[in-house]
>>> print(open('final_4.cif').read())   # mmCIF, C-alpha atoms
data_work
loop_
_atom_site.label_atom_id
_atom_site.label_comp_id
_atom_site.auth_asym_id
_atom_site.auth_seq_id
_atom_site.Cartn_x
_atom_site.Cartn_y
_atom_site.Cartn_z
CA MET V 1 31.59 3.03 33.83
CA ASP V 2 34.45 3.14 31.39
CA ALA V 3 35.51 -0.33 30.32
CA THR V 4 39.13 0.75 30.03
CA ALA V 5 39.19 1.59 33.72
CA GLN V 6 38.61 -2.07 34.55
CA PRO V 7 41.64 -4.35 34.76
CA ALA V 8 42.01 -6.90 31.97
CA PRO V 9 40.69 -10.40 32.87
CA ALA V 10 44.21 -11.77 33.12
CA ALA V 11 45.25 -8.99 35.47
CA ARG V 12 42.15 -9.60 37.53
CA GLN V 13 43.10 -13.23 37.97
CA GLU V 14 46.47 -12.12 39.23
CA ARG V 15 44.79 -10.16 41.97
CA GLY V 16 45.43 -11.82 45.28
CA ARG V 17 42.72 -13.86 46.97
CA PHE V 18 42.54 -11.26 49.75
CA LEU V 19 42.61 -8.10 47.64
CA ALA V 20 39.26 -6.33 47.92
CA VAL V 21 37.72 -5.13 44.68
CA GLN V 22 38.10 -1.41 45.42
CA PHE V 23 41.91 -1.49 45.77
CA GLU V 24 44.49 -1.29 43.03
CA ASP V 25 47.02 -3.44 44.84
CA MET V 26 47.86 -4.98 48.23
CA ALA V 27 49.94 -1.97 49.28
CA ALA V 28 46.99 0.38 48.76
CA GLN V 29 44.75 -2.02 50.71
CA LEU V 30 47.24 -2.24 53.58
CA ALA V 31 47.71 1.56 53.75
CA THR V 32 43.95 2.18 53.73
CA GLY V 33 43.36 -0.47 56.39
CA LYS V 34 46.02 1.08 58.58
CA LEU V 35 44.50 4.53 58.27
CA GLY V 36 41.13 3.05 59.25
CA ILE V 37 42.59 1.33 62.30
CA TRP V 38 44.35 4.50 63.42
CA LEU V 39 41.12 6.46 63.16
CA PHE V 40 39.43 3.77 65.24
CA LEU V 41 42.20 3.97 67.84
CA ALA V 42 41.80 7.77 68.01
CA ASN V 43 38.14 7.11 68.73
CA GLU V 44 39.13 4.65 71.49
CA VAL V 45 41.43 7.25 73.07
CA LEU V 46 38.53 9.73 73.20
CA PHE V 47 36.18 7.03 74.51
CA PHE V 48 38.45 6.16 77.43
CA SER V 49 39.24 9.85 78.03
CA ALA V 50 35.70 10.38 79.36
CA LEU V 51 36.40 7.85 82.13
CA PHE V 52 39.79 9.32 82.94
CA VAL V 53 38.28 12.81 83.14
CA SER V 54 35.53 11.73 85.54
CA TYR V 55 38.25 10.01 87.58
CA GLY V 56 40.17 13.32 87.63
CA VAL V 57 37.15 15.34 88.76
CA TYR V 58 36.23 12.95 91.59
CA ARG V 59 39.80 12.52 92.74
CA SER V 60 40.49 16.27 92.82
CA HIS V 61 37.41 16.76 95.00
CA HIS V 62 37.84 13.73 97.25
CA PRO V 63 41.57 12.90 97.45
CA GLU V 64 41.17 11.30 100.90
CA LEU V 65 38.50 8.93 99.58
CA PHE V 66 40.81 7.74 96.79
CA ARG V 67 43.72 7.24 99.19
CA TYR V 68 41.49 5.19 101.49
CA ALA V 69 39.78 3.14 98.77
CA SER V 70 43.00 2.16 96.99
CA GLN V 71 43.93 0.22 100.15
CA PHE V 72 41.35 -2.33 99.02
CA LEU V 73 43.29 -2.95 95.81
CA ASP V 74 46.29 -5.26 95.81
CA TRP V 75 49.12 -3.53 93.90
CA ARG V 76 50.87 -6.88 93.45
CA MET V 77 47.93 -8.13 91.38
CA GLY V 78 47.96 -4.90 89.35
CA ALA V 79 51.73 -5.02 88.81
CA THR V 80 51.55 -8.69 87.78
CA ASN V 81 48.85 -7.86 85.25
CA THR V 82 50.91 -4.94 83.93
CA LEU V 83 53.84 -7.26 83.25
CA VAL V 84 51.48 -9.87 81.75
CA LEU V 85 50.02 -7.31 79.33
CA ILE V 86 53.45 -5.96 78.37
CA SER V 87 54.57 -9.53 77.57
CA SER V 88 51.37 -10.05 75.60
CA SER V 89 52.07 -6.88 73.62
CA LEU V 90 55.59 -8.14 72.92
CA ALA V 91 54.15 -11.43 71.62
CA ALA V 92 51.69 -9.47 69.44
CA ALA V 93 54.49 -7.30 68.00
CA TRP V 94 56.46 -10.49 67.37
CA SER V 95 53.53 -12.01 65.47
CA VAL V 96 53.53 -9.02 63.09
CA ARG V 97 57.24 -9.51 62.47
CA ALA V 98 56.74 -13.24 61.86
CA ALA V 99 53.90 -12.58 59.39
CA GLN V 100 55.99 -9.98 57.53
CA LEU V 101 58.83 -12.47 57.25
CA GLY V 102 56.50 -15.34 56.32
CA ASN V 103 57.61 -17.44 59.27
CA GLN V 104 54.52 -19.61 59.85
CA ARG V 105 55.65 -21.48 62.95
CA THR V 106 56.74 -18.33 64.79
CA LEU V 107 53.56 -16.56 63.69
CA ILE V 108 51.25 -19.22 65.14
CA ARG V 109 53.33 -19.58 68.30
CA SER V 110 53.40 -15.85 68.99
CA LEU V 111 49.66 -15.54 68.34
CA VAL V 112 48.97 -18.39 70.77
CA LEU V 113 51.27 -16.80 73.35
CA THR V 114 49.41 -13.50 72.99
CA VAL V 115 46.08 -15.21 73.74
CA VAL V 116 47.47 -17.24 76.63
CA LEU V 117 48.82 -14.07 78.28
CA ALA V 118 45.55 -12.21 77.60
CA ALA V 119 43.67 -15.06 79.29
CA THR V 120 46.11 -14.92 82.22
CA PHE V 121 45.26 -11.24 82.62
CA MET V 122 41.55 -12.08 82.79
CA VAL V 123 42.13 -14.88 85.33
CA VAL V 124 43.99 -12.48 87.64
CA LYS V 125 41.19 -9.94 87.12
CA TYR V 126 38.60 -12.61 87.98
CA PHE V 127 40.34 -13.33 91.30
CA GLU V 128 40.46 -9.62 92.09
CA TYR V 129 36.80 -9.04 91.27
CA SER V 130 35.53 -12.12 93.11
CA HIS V 131 37.60 -11.33 96.21
CA LYS V 132 36.07 -7.84 96.32
CA LEU V 133 32.51 -8.89 95.59
CA HIS V 134 32.64 -11.70 98.18
CA ASN V 135 33.67 -9.10 100.75
CA GLY V 136 30.89 -6.67 99.96
CA VAL V 137 32.95 -4.28 97.88
CA GLY V 138 30.56 -3.55 95.02
CA TRP V 139 29.88 -0.33 93.16
CA GLY V 140 27.72 2.65 94.10
CA THR V 141 25.49 2.02 97.10
CA ALA V 142 26.33 -1.71 97.03
CA CYS V 143 29.70 -1.02 98.61
CA ASN V 144 29.70 -2.25 102.22
CA PRO V 145 33.07 -3.85 102.98
CA SER V 146 32.84 -6.85 105.32
CA PRO V 147 34.34 -6.60 108.85
CA GLU V 148 36.92 -9.28 107.93
CA LEU V 149 38.11 -7.20 104.97
CA LEU V 150 38.30 -4.03 107.08
CA ALA V 151 40.29 -5.95 109.70
CA SER V 152 42.83 -6.94 107.04
CA LEU V 153 43.67 -3.30 106.25
CA PRO V 154 46.84 -1.66 107.64
CA ALA V 155 46.40 -0.32 111.19
CA ALA V 156 46.70 3.32 110.13
CA VAL V 157 43.86 2.85 107.66
CA ARG V 158 41.75 0.79 110.07
CA ALA V 159 41.74 3.68 112.50
CA LEU V 160 39.93 5.89 109.97
CA PRO V 161 36.13 5.82 109.62
CA VAL V 162 34.84 4.23 106.40
CA PRO V 163 34.20 7.20 104.04
CA ALA V 164 30.56 7.88 103.16
CA HIS V 165 31.01 7.67 99.40
CA LEU V 166 33.38 4.70 99.18
CA GLY V 167 31.12 3.23 96.47
CA THR V 168 31.87 6.17 94.16
CA PHE V 169 35.49 5.10 93.90
CA PHE V 170 34.44 1.53 93.21
CA SER V 171 31.91 2.63 90.57
CA LEU V 172 34.85 4.22 88.75
CA TYR V 173 37.06 1.21 89.45
CA TYR V 174 34.59 -1.32 88.05
CA LEU V 175 33.65 0.89 85.09
CA MET V 176 37.24 1.60 84.07
CA THR V 177 38.69 -1.87 84.61
CA GLY V 178 35.46 -3.48 83.36
CA LEU V 179 35.47 -1.62 80.05
CA HIS V 180 39.16 -2.38 79.74
CA GLY V 181 38.41 -6.04 80.51
CA ILE V 182 35.76 -6.13 77.78
CA HIS V 183 38.44 -4.84 75.39
CA VAL V 184 40.71 -7.69 76.52
CA LEU V 185 37.92 -10.22 75.87
CA VAL V 186 37.36 -8.77 72.38
CA GLY V 187 41.12 -9.02 71.83
CA ILE V 188 41.07 -12.70 72.83
CA GLY V 189 38.29 -13.30 70.27
CA LEU V 190 40.25 -11.50 67.55
CA TYR V 191 43.42 -13.45 68.30
CA VAL V 192 41.55 -16.77 68.18
CA TRP V 193 40.28 -15.70 64.74
CA LEU V 194 43.85 -14.84 63.67
CA ILE V 195 45.12 -18.23 64.89
CA VAL V 196 42.45 -20.03 62.83
CA ARG V 197 43.42 -18.01 59.75
CA ALA V 198 47.16 -18.35 60.36
CA ARG V 199 46.83 -22.14 60.64
CA ARG V 200 45.07 -22.05 57.28
CA GLY V 201 48.15 -20.30 55.91
CA ASP V 202 46.40 -17.04 55.02
CA PHE V 203 49.17 -14.70 56.17
CA GLY V 204 52.58 -13.94 54.77
CA PRO V 205 54.74 -11.06 53.53
CA GLY V 206 52.14 -10.24 50.86
CA TYR V 207 49.17 -10.19 53.21
CA TYR V 208 49.50 -9.45 56.90
CA GLY V 209 47.06 -6.54 57.33
CA PRO V 210 44.77 -8.30 59.84
CA VAL V 211 47.71 -9.41 62.04
CA ASP V 212 48.99 -5.84 62.03
CA ALA V 213 45.59 -4.25 62.69
CA VAL V 214 44.70 -6.52 65.61
CA ALA V 215 48.17 -5.99 67.09
CA LEU V 216 47.65 -2.19 66.93
CA TYR V 217 44.35 -2.60 68.78
CA TRP V 218 46.03 -4.89 71.30
CA HIS V 219 48.80 -2.35 71.97
CA LEU V 220 46.16 0.31 72.64
CA VAL V 221 44.51 -1.97 75.22
CA ASP V 222 47.97 -2.25 76.81
CA LEU V 223 48.34 1.57 76.71
CA VAL V 224 45.08 2.07 78.61
CA TRP V 225 46.19 -0.36 81.31
CA ILE V 226 49.55 1.42 81.63
CA PHE V 227 47.57 4.47 82.84
CA LEU V 228 44.95 2.55 84.83
CA PHE V 229 47.51 0.70 86.94
CA PRO V 230 49.15 3.67 88.74
CA LEU V 231 45.90 5.67 88.89
CA LEU V 232 43.91 2.93 90.64
CA TYR V 233 46.41 0.71 92.47
CA LEU V 234 49.20 3.08 93.46
CA ILE V 235 47.51 6.01 95.20
CA MET W 1 59.30 0.15 39.64
CA ASN W 2 62.62 0.58 41.29
CA VAL W 3 63.01 1.33 44.95
CA VAL W 4 65.48 4.19 44.57
CA GLU W 5 63.27 6.17 42.25
CA ASN W 6 60.30 5.50 44.45
CA ALA W 7 62.07 6.60 47.62
CA SER W 8 63.28 9.87 46.10
CA SER W 9 60.04 10.98 44.47
CA HIS W 10 57.24 9.91 46.82
CA PRO W 11 58.54 8.75 50.16
CA ALA W 12 55.11 9.00 51.72
CA HIS W 13 53.02 7.46 48.99
CA GLY W 14 55.40 4.63 48.27
CA ASP W 15 55.60 3.77 51.96
CA GLY W 16 55.82 0.02 52.17
CA ALA W 17 54.41 -0.33 48.68
CA HIS W 18 57.55 -1.37 46.86
CA ALA W 19 60.28 -1.18 49.45
CA GLY W 20 58.56 -3.99 51.42
CA PRO W 21 57.22 -3.80 54.97
CA HIS W 22 59.25 -2.37 57.81
CA VAL W 23 60.22 -5.35 59.94
CA LEU W 24 61.27 -4.62 63.51
CA PRO W 25 64.45 -6.44 64.57
CA PRO W 26 64.24 -8.68 67.69
CA SER W 27 66.63 -6.36 69.54
CA VAL W 28 64.19 -3.43 69.24
CA LEU W 29 61.20 -5.56 70.32
CA LEU W 30 63.00 -7.09 73.31
CA GLY W 31 64.58 -3.75 74.25
CA THR W 32 61.19 -2.04 74.29
CA ALA W 33 59.65 -4.79 76.42
CA ALA W 34 62.60 -4.67 78.84
CA ALA W 35 62.32 -0.89 79.17
CA LEU W 36 58.58 -1.23 79.86
CA GLY W 37 59.30 -3.81 82.57
CA VAL W 38 61.92 -1.60 84.23
CA LEU W 39 59.56 1.40 84.13
CA THR W 40 56.78 -0.70 85.73
CA VAL W 41 59.11 -1.54 88.62
CA LEU W 42 60.04 2.16 88.83
CA THR W 43 56.36 3.18 88.99
CA VAL W 44 55.77 0.84 91.93
CA ALA W 45 58.96 1.99 93.68
CA VAL W 46 58.14 5.69 93.25
CA ALA W 47 54.63 5.16 94.64
CA ARG W 48 56.17 3.85 97.89
CA VAL W 49 58.03 7.14 98.38
CA HIS W 50 56.01 10.04 99.71
CA LEU W 51 56.34 12.98 97.36
CA GLY W 52 53.17 14.73 98.45
CA ALA W 53 51.43 16.47 95.56
CA ALA W 54 54.16 15.33 93.14
CA ASN W 55 53.13 11.65 93.31
CA VAL W 56 50.42 11.89 90.66
CA PRO W 57 52.44 13.93 88.11
CA VAL W 58 55.43 11.58 88.55
CA ALA W 59 53.22 8.49 88.07
CA LEU W 60 51.61 10.05 84.99
CA ALA W 61 55.00 11.07 83.58
CA ILE W 62 56.31 7.50 83.85
CA ALA W 63 53.08 6.16 82.32
CA THR W 64 53.44 8.64 79.45
CA VAL W 65 57.01 7.51 78.78
CA LYS W 66 55.80 3.88 78.77
CA ALA W 67 52.91 4.77 76.45
CA SER W 68 55.31 6.56 74.08
CA LEU W 69 57.57 3.50 73.94
CA VAL W 70 54.61 1.27 73.08
CA ALA W 71 53.36 3.72 70.43
CA LEU W 72 56.74 4.42 68.80
CA PHE W 73 58.11 0.87 68.67
CA PHE W 74 55.40 -1.77 69.18
CA MET W 75 52.94 0.28 67.15
CA HIS W 76 55.60 1.18 64.56
CA LEU W 77 54.82 4.91 64.75
CA LYS W 78 58.49 5.84 64.61
CA TYR W 79 58.80 4.24 61.18
CA GLU W 80 55.34 4.86 59.80
CA HIS W 81 53.65 7.41 57.68
CA LYS W 82 53.67 10.50 59.96
CA PHE W 83 49.96 11.05 59.42
CA HIS W 84 49.24 8.15 61.81
CA LEU W 85 51.21 9.95 64.50
CA VAL W 86 49.19 13.10 63.81
CA ILE W 87 45.94 11.14 64.31
CA LEU W 88 47.06 9.69 67.66
CA VAL W 89 48.61 12.91 69.01
CA GLY W 90 45.53 14.81 67.80
CA ALA W 91 43.22 12.49 69.73
CA VAL W 92 45.37 12.81 72.86
CA LEU W 93 45.38 16.63 72.57
CA PHE W 94 41.60 16.66 72.26
CA ALA W 95 41.36 14.43 75.33
CA VAL W 96 43.62 16.83 77.27
CA LEU W 97 41.55 19.81 76.11
CA PHE W 98 38.37 18.01 77.14
CA GLY W 99 39.80 17.15 80.56
CA SER W 100 41.11 20.67 81.17
CA PHE W 101 37.78 22.31 80.46
CA VAL W 102 35.86 19.83 82.60
CA MET W 103 38.30 20.41 85.47
CA PHE W 104 38.01 24.21 85.13
CA ASP W 105 34.26 23.93 85.14
CA ALA W 106 34.10 21.52 88.07
CA SER W 107 36.42 23.71 90.19
CA GLU W 108 34.43 26.80 89.28
CA TYR W 109 31.20 25.33 90.62
CA ARG W 110 32.78 23.51 93.54
CA PRO W 111 31.96 26.24 96.13
CA ASP W 112 28.27 26.12 95.11
CA VAL W 113 28.23 22.33 95.47
CA ARG W 114 29.91 22.59 98.90
CA ALA W 115 27.35 25.19 100.03
CA HIS W 116 24.52 22.99 98.82
CA GLU W 117 25.95 19.95 100.65
CA GLU W 118 26.26 22.04 103.83
CA ALA W 119 22.64 23.18 103.49
CA VAL W 120 21.41 19.61 103.02
CA ARG W 121 23.39 18.47 106.06
CA ALA W 122 22.08 21.37 108.19
CA LYS W 123 18.52 20.62 107.13
CA ALA W 124 18.92 16.92 107.97
CA ALA W 125 20.32 17.83 111.40
CA GLU W 126 17.40 20.16 112.02
CA THR W 127 14.85 17.48 111.09
CA ALA W 128 16.60 15.01 113.35
CA ARG W 129 16.26 17.46 116.23
#
>>> encode(input="final_4.cif", output="C-alpha cells")
Amino acid sequence: MDATAQPAPAARQERGRFLAVQFEDMAAQLATGKLGIWLFLANEVLFFSALFVSYGVYRSHHPELFRYASQFLDWRMGATNTLVLISSSLAAAWSVRAAQLGNQRTLIRSLVLTVVLAATFMVVKYFEYSHKLHNGVGWGTACNPSPELLASLPAAVRALPVPAHLGTFFSLYYLMTGLHGIHVLVGIGLYVWLIVRARRGDFGPGYYGPVDAVALYWHLVDLVWIFLFPLLYLI
Amino acid sequence: MNVVENASSHPAHGDGAHAGPHVLPPSVLLGTAAALGVLTVLTVAVARVHLGAANVPVALAIATVKASLVALFFMHLKYEHKFHLVILVGAVLFAVLFGSFVMFDASEYRPDVRAHEEAVRAKAAETAR
C-alpha cells in the first residue's frame, strides 16, 4: 500500500462518523448504496415474478376456478389496504424529504406514521386471514369452506358446485399475500430501526442514505401490492 | 468545486455530489399520492363493469400506470441517475420474458395434460364400476 494514497490524519478526522472506510466522500457512499439497493430491488422483482407467473399459468387454465374463489375475498378489505399502503408510501417519501432538509421533527413524525400505517395493513390482513381460516378456507387440500361461509356467497355463486381444486387458488393466495406480508413485517422492523436512529439525531442533509434506502424498499413492497390487489380481489 | 462546472462536465458522476440532494416538493408528493388514490378507485370501478376478456388487461394497465407513478416520483427515478431506471426496467423485462416462455410452454403441453386427466378419470370410473 502506498502511503500517499491514504488521507492525511487531519483529513481522516474530518471524515464523517458514518463514512465507511472504503469511500472517498459521503456522495460516493450514497451513490454506491443506492446502486446496491436498486440491484436488490431488481432481485425482488424477479423473486416475485415467479409467483405472478405461476398465478398466470393456473389462471389461464382454470379461469372459472379463479372467478369462483375470488368471491371468498372481500374487495373492500383489499381496497382499504391499498389506500393504507399508498399513504404509508407517501409518509416514507416524506421522511426522505425531511431527512434531506434536516427537519428532525418532520422526519420522526413521518417515520412513525409509516410504521403505524404498515401495522394497520397487517391488522387488516390478520382479520382477513383469521376469517378465512376459521371458516375452513386454508391452502391446498386443507380448503373446505364451511356451510355458513358458502351460504354467505351471492346467490349466483351459491348455485355453482364447489370446484374440485379450490385449494389451488388459496395456495397461491396465501403464498403471494404471505410473502408480501413478510416483506411488510421486515419493513416495520427497518422503520423501527430508523426511528431509533432518527431520535438519536443520526440523519440530516449530509447523511440520509439509510432513510432513502429503506424508503425505496418500502415503495417496492407497495408496488407488489398494487398488482396483487386487482389480480386476487377483483376477478 | 463549483456547481456550474460540475454540471457541464460530468452530469452523471456529479449527481447529488456537489449540487446537493434532489428534494421532492410537497406538491409532487401529494399529487402522486392523490393520483394513486384516484386510480385505485378506478380499478375497483372498472372491475364492476363486465368487459369480458378485456378485464385483466385493463386491470393490469391501471396497475402499471400506478407502479410507474410510484417508481418515477416516490422512488425518484425521474430525477435519478438513469442507470437505476435501466436496472428496474431490465428486471421487469426479464420477468416478462420469463412469464412469456412459461406461458408458451404450459399452453403447448396443455392438450397432453388434458388427455392424461381424462385417462385418469376414465380409469377411476372403470374401477368404480
>>> interface_residues(input="final_4.cif", of="chain V", to="chain W", cutoff="7 Å", atoms="all atoms listed in the file", output="tab-separated table (two decimals) with C-alpha atoms, in the frame of the given file")
chain	number	residue	atom	x	y	z
V	27	ALA	CA	49.94	-1.97	49.28
V	35	LEU	CA	44.50	4.53	58.27
V	38	TRP	CA	44.35	4.50	63.42
V	39	LEU	CA	41.12	6.46	63.16
V	42	ALA	CA	41.80	7.77	68.01
V	45	VAL	CA	41.43	7.25	73.07
V	46	LEU	CA	38.53	9.73	73.20
V	49	SER	CA	39.24	9.85	78.03
V	53	VAL	CA	38.28	12.81	83.14
V	57	VAL	CA	37.15	15.34	88.76
V	83	LEU	CA	53.84	-7.26	83.25
V	86	ILE	CA	53.45	-5.96	78.37
V	90	LEU	CA	55.59	-8.14	72.92
V	93	ALA	CA	54.49	-7.30	68.00
V	97	ARG	CA	57.24	-9.51	62.47
V	100	GLN	CA	55.99	-9.98	57.53
V	216	LEU	CA	47.65	-2.19	66.93
V	219	HIS	CA	48.80	-2.35	71.97
V	223	LEU	CA	48.34	1.57	76.71
V	226	ILE	CA	49.55	1.42	81.63
V	227	PHE	CA	47.57	4.47	82.84
V	230	PRO	CA	49.15	3.67	88.74
V	234	LEU	CA	49.20	3.08	93.46
>>> residues_around(input="final_4.cif", residues="V:Leu133", least_positions_apart="4", cutoff="10 Å", atoms="all atoms listed in the file", output="number ranges by chain")
V: 127-129, 137-139, 142-146
>>> resolve_selection(input="final_4.cif", expression="the PyMOL selection byres ((chain V and resi 208) around 12)", output="PyMOL selection string")
(chain V and resi 18-19+26-27+29-31+33-34+95-104+107+194+197-198+201-207+209-215) or (chain W and resi 20-21+23)
>>> atom_distance(input="final_4.cif", atom1="atom CA of V:Arg109", atom2="atom CA of V:His183")
22.1 Å
>>> atom_distance(input="final_4.cif", atom1="atom CA of V:Gly189", atom2="atom CA of V:Ser87")
18.2 Å
>>> atom_distance(input="final_4.cif", atom1="atom CA of V:Ala50", atom2="atom CA of V:Leu231")
14.7 Å
>>> residues_around(input="final_4.cif", residues="stretch 65-82 of chain V", least_positions_apart="3", cutoff="8 Å", atoms="all atoms listed in the file", output="list in words")
Arg59, His62, Leu85, Ile86, Phe121, Val124, Glu128, Leu153, Val157, Pro163, His165, Leu166, Phe169, Phe170, Trp225, Ile226, Phe229, Leu232, Tyr233, Leu234 and Ile235 of chain V; Thr40 and Val44 of chain W
>>> closest_residue(input="final_4.cif", among="V:Ala28, V:Val84, V:Trp218, V:Met176", to="V:Thr120", atoms="all atoms listed in the file")
V:Val84
>>> build_atoms(input="final_4.cif", residues="stretch 105-117 of chain W", atoms="N, CA and C atoms", output="CSV table (one decimal), in the coordinates of the input")
chain,number,residue,atom,x,y,z
W,105,ASP,N,35.7,23.8,84.9
W,105,ASP,CA,34.3,23.9,85.1
W,105,ASP,C,33.9,23.4,86.5
W,106,ALA,N,34.4,22.2,86.8
W,106,ALA,CA,34.1,21.5,88.1
W,106,ALA,C,34.6,22.3,89.2
W,107,SER,N,35.9,22.9,89.1
W,107,SER,CA,36.4,23.7,90.2
W,107,SER,C,35.6,25.0,90.4
W,108,GLU,N,35.2,25.6,89.2
W,108,GLU,CA,34.4,26.8,89.3
W,108,GLU,C,33.1,26.7,90.1
W,109,TYR,N,32.5,25.5,89.9
W,109,TYR,CA,31.2,25.3,90.6
W,109,TYR,C,31.3,24.6,92.0
W,110,ARG,N,32.6,24.3,92.3
W,110,ARG,CA,32.8,23.5,93.5
W,110,ARG,C,32.2,24.2,94.8
W,111,PRO,N,32.5,25.6,94.9
W,111,PRO,CA,32.0,26.2,96.1
W,111,PRO,C,30.4,26.1,96.2
W,112,ASP,N,29.7,26.2,95.1
W,112,ASP,CA,28.3,26.1,95.1
W,112,ASP,C,27.9,24.7,95.6
W,113,VAL,N,28.6,23.7,95.1
W,113,VAL,CA,28.2,22.3,95.5
W,113,VAL,C,28.5,22.2,97.0
W,114,ARG,N,29.6,22.7,97.5
W,114,ARG,CA,29.9,22.6,98.9
W,114,ARG,C,28.8,23.2,99.7
W,115,ALA,N,28.4,24.4,99.3
W,115,ALA,CA,27.4,25.2,100.0
W,115,ALA,C,26.0,24.4,100.1
W,116,HIS,N,25.7,23.8,98.9
W,116,HIS,CA,24.5,23.0,98.8
W,116,HIS,C,24.6,21.8,99.8
W,117,GLU,N,25.8,21.1,99.8
W,117,GLU,CA,26.0,20.0,100.6
W,117,GLU,C,25.8,20.4,102.1
